[in-house]
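These notes are about the structure you will find just below.
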Amino acid sequence: MIKPLAPEQLFTACDINQFSFDTTDQLQDLKEIIGQDRALEALHFGIGIQQKGYNLFVLGPTGLGKHTVVREYLDEKSRSQNPPEDWVYVNNFSKASQPIAISLEAGQGKVFRSDMQQLIEDLRSAIPTAFEAEQYHARIQDIEEELKTRLEARFNALADEAESHNVRLLRTPHGFAFAPMKNNEVLKPKDFEKLPEKEQQRIDETMNVLEEKLNSFLRMQPQWQRETREKIKELNHEIVMFASSHFIEELKKKYTDNKEILAYLDAVQQDVISNFQDFSREEEAPQLMGIPLIEKPTFRRYEVNAIVEQTEEEGAPVIYEDNPNYANLVGAVEHTAHLGALQTDFTLIKPGALHKANGGYLILDAIKLLTKPYVWDGLKRALFSQKIKIQSLGQIYSLVSTVSLEPEPIPLNIKVVLIGDRLLYYLLHAYDPEFKQLFKVAADFDDRLARTDENQQIYAQLIATLLRQDKLRPFDRSAVARVIEHGARVADDAEKLTTYLLSISDLLREADHFASLSDNPVVHREDVQQAIDAQIYRSSRIREHLQEEIVRGTLLIDTDGAKVGQMNGLAVMELGDSRFATPSRITATVRLGSGEVIDIERETELGGAIHSKGVFILSSFLGERYAQLRPLALSASLVFEQSYGMIEGDSASMAELCCLLSSLAGIPIKQNIAMTGSVNQRGEAQAIGGVNEKIEGFFDVCNQRGLTNDQAVLIPSANVKHLMLREDIVSACHDGKFAVYAYNNVDEAMEVLTGKTAKVVNDKVEARLVELEEIHLEYAKAAKESGEENE
Amino acid sequence: MNEKNIKRIVVALDPSEVNRSILQAATSLASQFDAELNALFVEDINLLKLAELPFARELAYGAQSGRQINFADMERAIHMQASRLRKMVESIAQQQKIKIAFDVLRGDVAKELCSASQQTDLLIVGKSTQQVRHSRKIGRVTRTVLTSVNCNLLLLQHGSVVARPVAVLYTGNESGRRALQLAIQLAQRDHKNLVVVFPSCSTEIYKQLQDQVSGITQEFGLEATIVQLQSNTADSIIDVLETSGAKVFLIESENQYIDEKQLLYLIANNKIPVLLSPKNTNV
């Protein structure tokens with residue numbers, strides 16, 4: 001029969017003698033990232049490769065410090081890189097709804113913005129001054145005088161011509177008329193009638209000719225006025241050019257290498273010429289109830305909207321967007337309300353995270369990205385097109401048809417780093433074909449690292465770094481050792497350490513708290529243990545409630561005696577961040593049948609697929625071992641008693657098998673023993689999860705009822721390396737009050753459970769099966785004879 | 001000298017759009033002199049006569065060709081003009097809080113104005129209301145009035161106002177003294193500066209003129225800037241007016257230095273209002 005495990009096998013303590021420091025204050029900060037070599041290699045590769053689609057998905061459970069690692073890595077990497085260009089939006093003077101994007105060298109965006117402000121300030125001073133100059137007014141007067149002279153000359157000539165024919169040009173209420181004169185008076189009708197017909201005809205003809213000339217003159221007048229206006233316009237053009245060209249040329253020289261800016265400055269100059277009136281001296285606009293009746297000219301159209309401003313010293317940008325909604329990611333065009341209407345222009349274009357991170361790195365939480373409407377599509381569209389195109393969702397989905405801005409798209413050169421858990425990565429990989437085209441590199445963060453001496457030293461350094469980051473008390477060696485032991489327990493493996501930094505950080509802070517309550521300047525092992533115990537206690541309400549019900553006999557669990565076909569299994573429960581196990585009674589019944597093993601959990605749809613698989617496996621084992629050459633003439637039922645929820649996993653399959661064998665053999669199983677482990681078709685024990693919690697679960701029940709010195713838990717041998725049991729259990733085992741057995745197969749397990757040798761058990765099982773077969777054959781024979789008689 | 005020179009003002013209105021500025025200038029002067037103000041519109045008899053002619057045609061602005069007119073239409077149109085002017089006069093009187101009488105006469109415009117000038121101290125007319133806008137040519141009516149009226153005559157340019165500083169040509173004779181007195185009255189209300197222009201003359205005459213002017217201006221506490229003409233021509237006067245920045249110019253309608261031709265040229269080419277003081281006054 002197998003022996004109980006030695007106390008040293010139940011808990012792998014951290015040897016404090018391996019540490020040369022007294023407290024963590026003597027340890028240097030940890031520079032490197034521990035235990036994530038694979039993820040770092042992937043990061044290094046993904047960031048280094050400059051090909052389309054090589055964006056990264058950093059996967060791993062929450063709390064591993066993925067964000068910190070990625071951020072630190074990218075910060076380090078970006079420092080050595082040149083900062084990308086600045087981007088500004090300026091007005092498109094030929095089509096205001098399509099603002100123009102211009103790139104400038106890093107740091108030059110704000111310089112250009114300031115240059116344009118200065119330019120407009122200069123023009124607002126220079127242009128009115130130029131128009132106020134006497135020379136300008138003299139030239140305007142000359143042009144107007146020219147028209148006046150021209151009009152006067154023609155009018156006077158016509159009037160004089162009329163006078164020479166004794167006709168006067170008169171102004172009538174609606175225009176002009178010619179009147180024949182006599183003695184400086186208009187000819188009276190009766191005098192006219194007295195004139196000879198020839199004279200009358202002559203007057204009529206003269207009047208017609210004069211009228212024709214006047215008509216032609218009046219028709220020419222608008223044209224001459226237009227010519228005058230054109231001349232004034234040309235003069236204004238000339239004056240504005242004179243006043244503005246110096247300033248604009250100066251800017252052009254400054255930005256001579258930037259063709260877009262040169263073209264923009266040309267457009268600015270043309271616009272200034274066309275709208276030079278806006279530059280006249282400001283006068284107070286008339287107002288009605290505080291609202292200006294005439295809109296004052298604004299110079300917003302000459303502003304520069306610097307949406308991306310880099311600083312030369314900062315290197316490539318590393319941006320983390322913690323609220324990646326559509327506008328925050330792709331940018332947006334905002335609106336302002338004016339007299340009840342919404343207005344916008346290029347100055348209201350707001351950058352998104354893609355703009356800010358362009359030329360560098362963008363870190364996003366995958367879950368946040370995927371839970372915000374339309375953002376995932378927006379990101380993919382930008383990455384595929386390698387352009388940032390600001391469009392409202394209304395525009396994209398044709399929900400609204402109002403005119404809005406269509407800013408010129410900006411070329412996108414970016415590495416996107418998505419951070420999320422593994423499930424999300426695999427779901428995206430499986431269901432979104434575009435995902436694998438865009439996120440070709442997966443940086444898979446490991447949640448454990450090997451518990452070697454070297455790594456324990458590094459772990460101590462990590463603890464020291466975390467303590468300093470959070471400004472906590474130093475830990476002495478014993479406290480560090482306890483944290484390392486806890487790290488192994490969290491990793492569920494005595495030979496591993498967790499990289500789940502969140503859990504470790506929490507423990508450090510809580511231990512510091514308990515140290516502070518005791519006024520300890522240094523945190524000791526006891527403080528750490530107190531913190532661990534407090535964590536367990538805080539999350540133990542349900543566990544304790546279940547144990548209480550077992551002790552009270554509401555949940556039927558025997559911890560002494562022996563029974564046929566009844567067994568203590570161990571079930572693990574996970575609720576929030578607490579994980580615990582309680583014993584659960586498994587029973588088996590056998591009767592004559594045709595070889596089926598009924599899993600009542602499966603039949604009632606309360607058993608998961610893996611659990612059912614375990615039951616099928618044990619059925620196969622029965623057949624393979626006991627009925628290779630004859631039929632199994634039994635019908636068996638297996639059930640988890642008092643279980644009212646889903647049961648999943650195969651960690652009880654060995655217990656179910658042992659229970660069944662007990663029932664078949666009629667050999668009672670010791671109820672002071674609980675067992676866990678899964679079985680394969682050959683009856684070999686296989687490792688299960690949560691071994692520590694399972695042992696602790698049974699121990700706590702036994703402890704509450706009073707330890708009888710023969711209580712024990714059977715675990716698969718493969719799980720021995722995972723043991724990091726509580727100190728009280730180790731102590732009880734050390735004192736012989738409790739035991740943990742490691743078994744390799746069903747025979748070893750049955751020996752411990754029944755106190756009989758495997759041969760005895762197997763013989764009895766076989767004998768029972770033979771007996772059942774014979775009964776079955778008799779029934780078959782009787783049935784056959786009965787059938788023949790009937791015939 | 002404290003006696004009011006201007007007790008009654010007649011302002012001649014015509015259908016042109018410059019009337020509003022002329023009427024405003026007139027109300028301003030009437031307030032200044034505390035004088036009665038009469039607005040006068042003369043229905044041009046020549047237009048009515050023209051309308052009676054069988055071939056009478058009117059070329060309206062913007063029309064492709066002339067259209068036939070008749071007496072009734074013409075009379076109605078002129079009445080409409082008079083009606084519009086009356087409304088304008090009433091509106092300005094209300095605005096300026098001043099009493100303005102409005103009379104409508106029918107006849108030859110020049111003759112009616114001359115006739116009206118017999119009963120007034122100051123007649124205000126536009127320089128070229130019947131001509132094209134901004135014309136430098138003096139209209140026929142104005143020219144006639146200029147040579148016939150026997151009262152102070154103020155010729156207003158389009159859009160101009162009677163403001164200060166005031167400039168006056170002083171020749172030393174009786175009508176010159178009246179012009180100077182009027183200039184002092186115009187200037188002394190809110191502007192102590194007066195530009196007195198002396199003709200080009202001998203040093204002796206200049207001295208006499210200077211003495212006379214300084215005596216008069218000192219009496220009123222005015223500072224007179226004396227400027228002498230380079231030559232007794234309209235151009236020389238225009239130069240002086242532009243240099244001194246004068247806003248209104250007073251000159252005798254007849255004097256031994258500036259002949260009628262130069263006077264007409266001055267009125268035609270000068271940009272500020274000109275107030276002509278009569279040789280003999282009927283006041």
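Letters for chains follow the order of the structure tokens (A, B, ...), residue numbers begin at 1 for each chain, and ligand numbers begin at 1 in the order shown.
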Q.
Just want the 10 Å neighbourhood of Arg20 (chain B), counted on only C-alpha atoms, with same-chain residues fewer than 4 positions away dropped. Output as a VMD selection string.
A. chain B and resid 13 16 24 to 26 85 88 to 89 92 159
Q) Could you write out as an MDAnalysis selection string the residues of chain A within 10 Å of chain B, counting only C-alpha atoms? A) chainID A and resid 145 148:149 151:153 155:156 159 169:181 184:193 200 203:204 207:208 211:212 214:216 218:219 222
(Q) List as a PyMOL selection string the protein and nucleic acid residues near Ile586 (chain A), meaning an atom at most 7 Å away when only C-alpha atoms are counted, but skip any in the same chain fewer than 4 places from it. (A) chain A and resi 566-569+639-641+656
Q | Ser620 (chain A) environment, 12 Å, only C-alpha atoms, sequence neighbours closer than 6 positions dropped, as a list in words | A |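 In the requested format, the answer is Gly595, Glu596, Val597, Lys613, Gly614, Tyr626, Ala627, Gln628, Leu632, Leu657, Val679, Asn680, Gln681, Arg682 and Gly683 of chain A.
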Selection above as a file: N, CA and C atoms, as a compact mmCIF listing (two decimals), in the first residue's frame:
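Wrote it out as selection_8.txt, contents follow:
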# COMPACT_ATOMS: atom_id res chain seq x y z
N GLY A 595 -24.93 -3.57 -19.70
CA GLY A 595 -23.61 -2.95 -19.89
C GLY A 595 -23.56 -1.44 -19.84
N GLU A 596 -24.68 -0.79 -19.59
CA GLU A 596 -24.64 0.66 -19.61
C GLU A 596 -24.35 1.24 -18.23
N VAL A 597 -23.53 2.34 -18.24
CA VAL A 597 -23.28 3.08 -17.00
C VAL A 597 -24.03 4.40 -17.14
N LYS A 613 -17.59 12.87 -20.56
CA LYS A 613 -16.47 12.15 -21.16
C LYS A 613 -15.80 11.27 -20.10
N GLY A 614 -15.62 11.84 -18.88
CA GLY A 614 -14.99 11.09 -17.79
C GLY A 614 -15.77 9.81 -17.48
N TYR A 626 -12.47 -5.87 -17.19
CA TYR A 626 -13.23 -6.99 -16.63
C TYR A 626 -14.10 -7.73 -17.65
N ALA A 627 -14.27 -7.23 -18.82
CA ALA A 627 -15.23 -7.90 -19.72
C ALA A 627 -14.75 -7.87 -21.16
N GLN A 628 -13.46 -8.19 -21.31
CA GLN A 628 -12.93 -8.16 -22.69
C GLN A 628 -13.57 -9.25 -23.55
N LEU A 632 -20.83 -7.25 -20.52
CA LEU A 632 -21.00 -6.66 -19.18
C LEU A 632 -22.49 -6.72 -18.86
N LEU A 657 -15.23 5.98 -10.50
CA LEU A 657 -14.83 4.61 -10.83
C LEU A 657 -14.66 3.78 -9.55
N VAL A 679 -9.38 9.70 -14.55
CA VAL A 679 -8.91 8.36 -14.91
C VAL A 679 -8.91 8.24 -16.43
N ASN A 680 -7.96 7.44 -16.93
CA ASN A 680 -8.01 7.16 -18.38
C ASN A 680 -8.53 5.74 -18.60
N GLN A 681 -8.58 5.30 -19.82
CA GLN A 681 -9.18 3.99 -20.13
C GLN A 681 -8.37 2.84 -19.55
N ARG A 682 -7.12 3.16 -19.18
CA ARG A 682 -6.29 2.08 -18.61
C ARG A 682 -6.28 2.13 -17.09
N GLY A 683 -7.07 2.99 -16.51
CA GLY A 683 -7.16 3.05 -15.06
C GLY A 683 -6.05 3.86 -14.41
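Of the residues under consideration (A:Glu574, A:Glu648, A:Glu85, A:Asp512), A:Glu574 shows the shortest atom-to-atom contact distance to Ser540 (chain A) when counting only C-alpha atoms.
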Q) Can you tell me, as a list in words, what residues are no more than 9 Å from Val483 (chain A) when counting only C-alpha atoms, ignoring any on the same chain fewer than 5 positions away? A)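 That gives Ala460, Ile463, Ser478, Ala488, Ile504, Leu507, Leu508, Arg525, Val528 and Gln529 of chain A.
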Grab the residues selected above and save them as a tab-separated table (two decimals), in the first residue's frame with C-alpha atoms.
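Output contents, as saved in result_35.tsv:
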chain	number	residue	atom	x	y	z
A	460	ALA	CA	12.59	39.45	-4.78
A	463	ILE	CA	8.93	42.86	-5.07
A	478	SER	CA	11.10	36.23	5.51
A	488	ALA	CA	3.66	29.77	-6.24
A	504	ILE	CA	1.19	40.34	-5.85
A	507	LEU	CA	-0.70	41.47	-1.26
A	508	LEU	CA	2.25	43.86	-0.81
A	525	ARG	CA	6.45	37.24	7.27
A	528	VAL	CA	2.25	38.90	4.85
A	529	GLN	CA	0.55	35.85	6.35
Q: Extract, using only C-alpha atoms, all DNA, RNA and protein residues at most 9 Å from Val166 (chain B), discarding same-chain residues fewer than 5 positions from it, and format them as a VMD selection string.
A: chain B and resid 183 to 184 186 to 187 191 193 to 196 246 to 250
Shell of 6 Å around Ser253 (chain B), only C-alpha atoms, local chain residues under 3 positions omitted, as a PDB file with N, CA and C atoms, in the first residue's frame:
ATOM      1  N   LEU B 276     -23.204 133.590 -51.718  1.00  0.00           N
ATOM      2  CA  LEU B 276     -22.995 134.845 -52.447  1.00  0.00           C
ATOM      3  C   LEU B 276     -23.765 135.954 -51.741  1.00  0.00           C
ATOM      4  N   SER B 277     -23.028 136.976 -51.437  1.00  0.00           N
ATOM      5  CA  SER B 277     -23.659 138.116 -50.765  1.00  0.00           C
ATOM      6  C   SER B 277     -24.060 139.133 -51.833  1.00  0.00           C
ATOM      7  N   PRO B 278     -25.307 139.642 -51.819  1.00  0.00           N
ATOM      8  CA  PRO B 278     -25.756 140.533 -52.899  1.00  0.00           C
ATOM      9  C   PRO B 278     -25.080 141.911 -52.824  1.00  0.00           C
TER      10      PRO B 278
END
(Q) Taking only region 139-200 of chain B into account, list the residues labelled helix (DSSP H, G or I) by DSSP (computed from the backbone), as a list of chain:residue names. (A)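 Everything in region 139-200 of chain B that counts as helix (DSSP H, G or I) is B:Arg140, B:Val141, B:Thr142, B:Arg143, B:Thr144, B:Val145, B:Leu146, B:Thr147, B:Ser148, B:Glu174, B:Ser175, B:Gly176, B:Arg177, B:Arg178, B:Ala179, B:Leu180, B:Gln181, B:Leu182, B:Ala183, B:Ile184, B:Gln185, B:Leu186, B:Ala187, B:Gln188.
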Emit the selected residues as a CSV table (one decimal), in the first residue's frame, including N, CA, C and O atoms.
chain,number,residue,atom,x,y,z
B,140,ARG,N,-28.9,125.6,-65.7
B,140,ARG,CA,-29.4,126.8,-66.3
B,140,ARG,C,-30.2,127.6,-65.3
B,140,ARG,O,-30.1,128.8,-65.1
B,141,VAL,N,-31.0,126.9,-64.4
B,141,VAL,CA,-31.8,127.6,-63.4
B,141,VAL,C,-30.9,128.3,-62.4
B,141,VAL,O,-31.0,129.5,-62.1
B,142,THR,N,-29.9,127.6,-62.0
B,142,THR,CA,-28.9,128.1,-61.0
B,142,THR,C,-28.2,129.4,-61.6
B,142,THR,O,-28.1,130.4,-60.9
B,143,ARG,N,-27.8,129.2,-62.8
B,143,ARG,CA,-27.1,130.3,-63.5
B,143,ARG,C,-28.0,131.6,-63.5
B,143,ARG,O,-27.6,132.7,-63.2
B,144,THR,N,-29.3,131.3,-63.9
B,144,THR,CA,-30.2,132.5,-63.9
B,144,THR,C,-30.4,133.1,-62.6
B,144,THR,O,-30.3,134.3,-62.4
B,145,VAL,N,-30.6,132.2,-61.6
B,145,VAL,CA,-30.8,132.7,-60.2
B,145,VAL,C,-29.6,133.5,-59.7
B,145,VAL,O,-29.7,134.6,-59.1
B,146,LEU,N,-28.4,132.9,-60.1
B,146,LEU,CA,-27.2,133.5,-59.6
B,146,LEU,C,-27.1,135.0,-60.1
B,146,LEU,O,-26.6,135.9,-59.3
B,147,THR,N,-27.5,135.2,-61.3
B,147,THR,CA,-27.4,136.6,-61.8
B,147,THR,C,-28.5,137.5,-61.5
B,147,THR,O,-28.5,138.7,-61.7
B,148,SER,N,-29.6,136.9,-61.0
B,148,SER,CA,-30.8,137.8,-60.8
B,148,SER,C,-31.3,138.0,-59.4
B,148,SER,O,-32.0,139.0,-59.2
B,174,GLU,N,-18.9,147.9,-49.1
B,174,GLU,CA,-20.0,147.7,-48.3
B,174,GLU,C,-20.5,146.2,-48.3
B,174,GLU,O,-20.8,145.6,-47.3
B,175,SER,N,-20.7,145.7,-49.6
B,175,SER,CA,-21.2,144.3,-49.7
B,175,SER,C,-20.1,143.4,-49.1
B,175,SER,O,-20.5,142.3,-48.5
B,176,GLY,N,-18.9,143.7,-49.2
B,176,GLY,CA,-17.8,142.9,-48.6
B,176,GLY,C,-18.0,142.9,-47.1
B,176,GLY,O,-17.8,141.8,-46.4
B,177,ARG,N,-18.3,144.0,-46.5
B,177,ARG,CA,-18.5,144.1,-45.0
B,177,ARG,C,-19.7,143.2,-44.6
B,177,ARG,O,-19.6,142.5,-43.6
B,178,ARG,N,-20.7,143.2,-45.4
B,178,ARG,CA,-21.9,142.4,-45.1
B,178,ARG,C,-21.5,140.9,-45.2
B,178,ARG,O,-21.9,140.1,-44.3
B,179,ALA,N,-20.7,140.6,-46.2
B,179,ALA,CA,-20.3,139.2,-46.3
B,179,ALA,C,-19.5,138.8,-45.1
B,179,ALA,O,-19.6,137.7,-44.5
B,180,LEU,N,-18.6,139.7,-44.6
B,180,LEU,CA,-17.8,139.4,-43.4
B,180,LEU,C,-18.6,139.3,-42.2
B,180,LEU,O,-18.4,138.3,-41.4
B,181,GLN,N,-19.6,140.2,-42.1
B,181,GLN,CA,-20.5,140.0,-40.9
B,181,GLN,C,-21.2,138.7,-40.9
B,181,GLN,O,-21.3,138.0,-39.8
B,182,LEU,N,-21.7,138.3,-42.1
B,182,LEU,CA,-22.4,137.0,-42.1
B,182,LEU,C,-21.4,135.9,-41.8
B,182,LEU,O,-21.8,134.9,-41.1
B,183,ALA,N,-20.2,136.0,-42.3
B,183,ALA,CA,-19.2,135.0,-42.0
B,183,ALA,C,-18.9,134.9,-40.6
B,183,ALA,O,-18.8,133.8,-40.0
B,184,ILE,N,-18.9,136.0,-39.9
B,184,ILE,CA,-18.6,136.0,-38.4
B,184,ILE,C,-19.8,135.3,-37.7
B,184,ILE,O,-19.5,134.5,-36.8
B,185,GLN,N,-21.0,135.6,-38.2
B,185,GLN,CA,-22.1,135.0,-37.5
B,185,GLN,C,-22.1,133.5,-37.7
B,185,GLN,O,-22.4,132.7,-36.8
B,186,LEU,N,-21.7,133.1,-38.9
B,186,LEU,CA,-21.6,131.6,-39.2
B,186,LEU,C,-20.5,131.0,-38.4
B,186,LEU,O,-20.6,129.8,-37.9
B,187,ALA,N,-19.4,131.7,-38.2
B,187,ALA,CA,-18.2,131.1,-37.5
B,187,ALA,C,-18.3,131.1,-36.0
B,187,ALA,O,-17.9,130.2,-35.4
B,188,GLN,N,-18.9,132.2,-35.5
B,188,GLN,CA,-18.7,132.4,-34.0
B,188,GLN,C,-19.5,131.5,-33.1
B,188,GLN,O,-19.3,131.4,-32.0
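Of all the residues in region 130-292 of chain A, the ones DSSP labels as strand (DSSP E or B) from the backbone are Val167, Arg168, Leu169, Leu170, Arg171, Gly175, Phe176, Ala177, Phe178, Ala179, Pro180, Met181, Lys182, Glu185, Val186, Gln287, Leu288, Ile291 and Pro292 of chain A.
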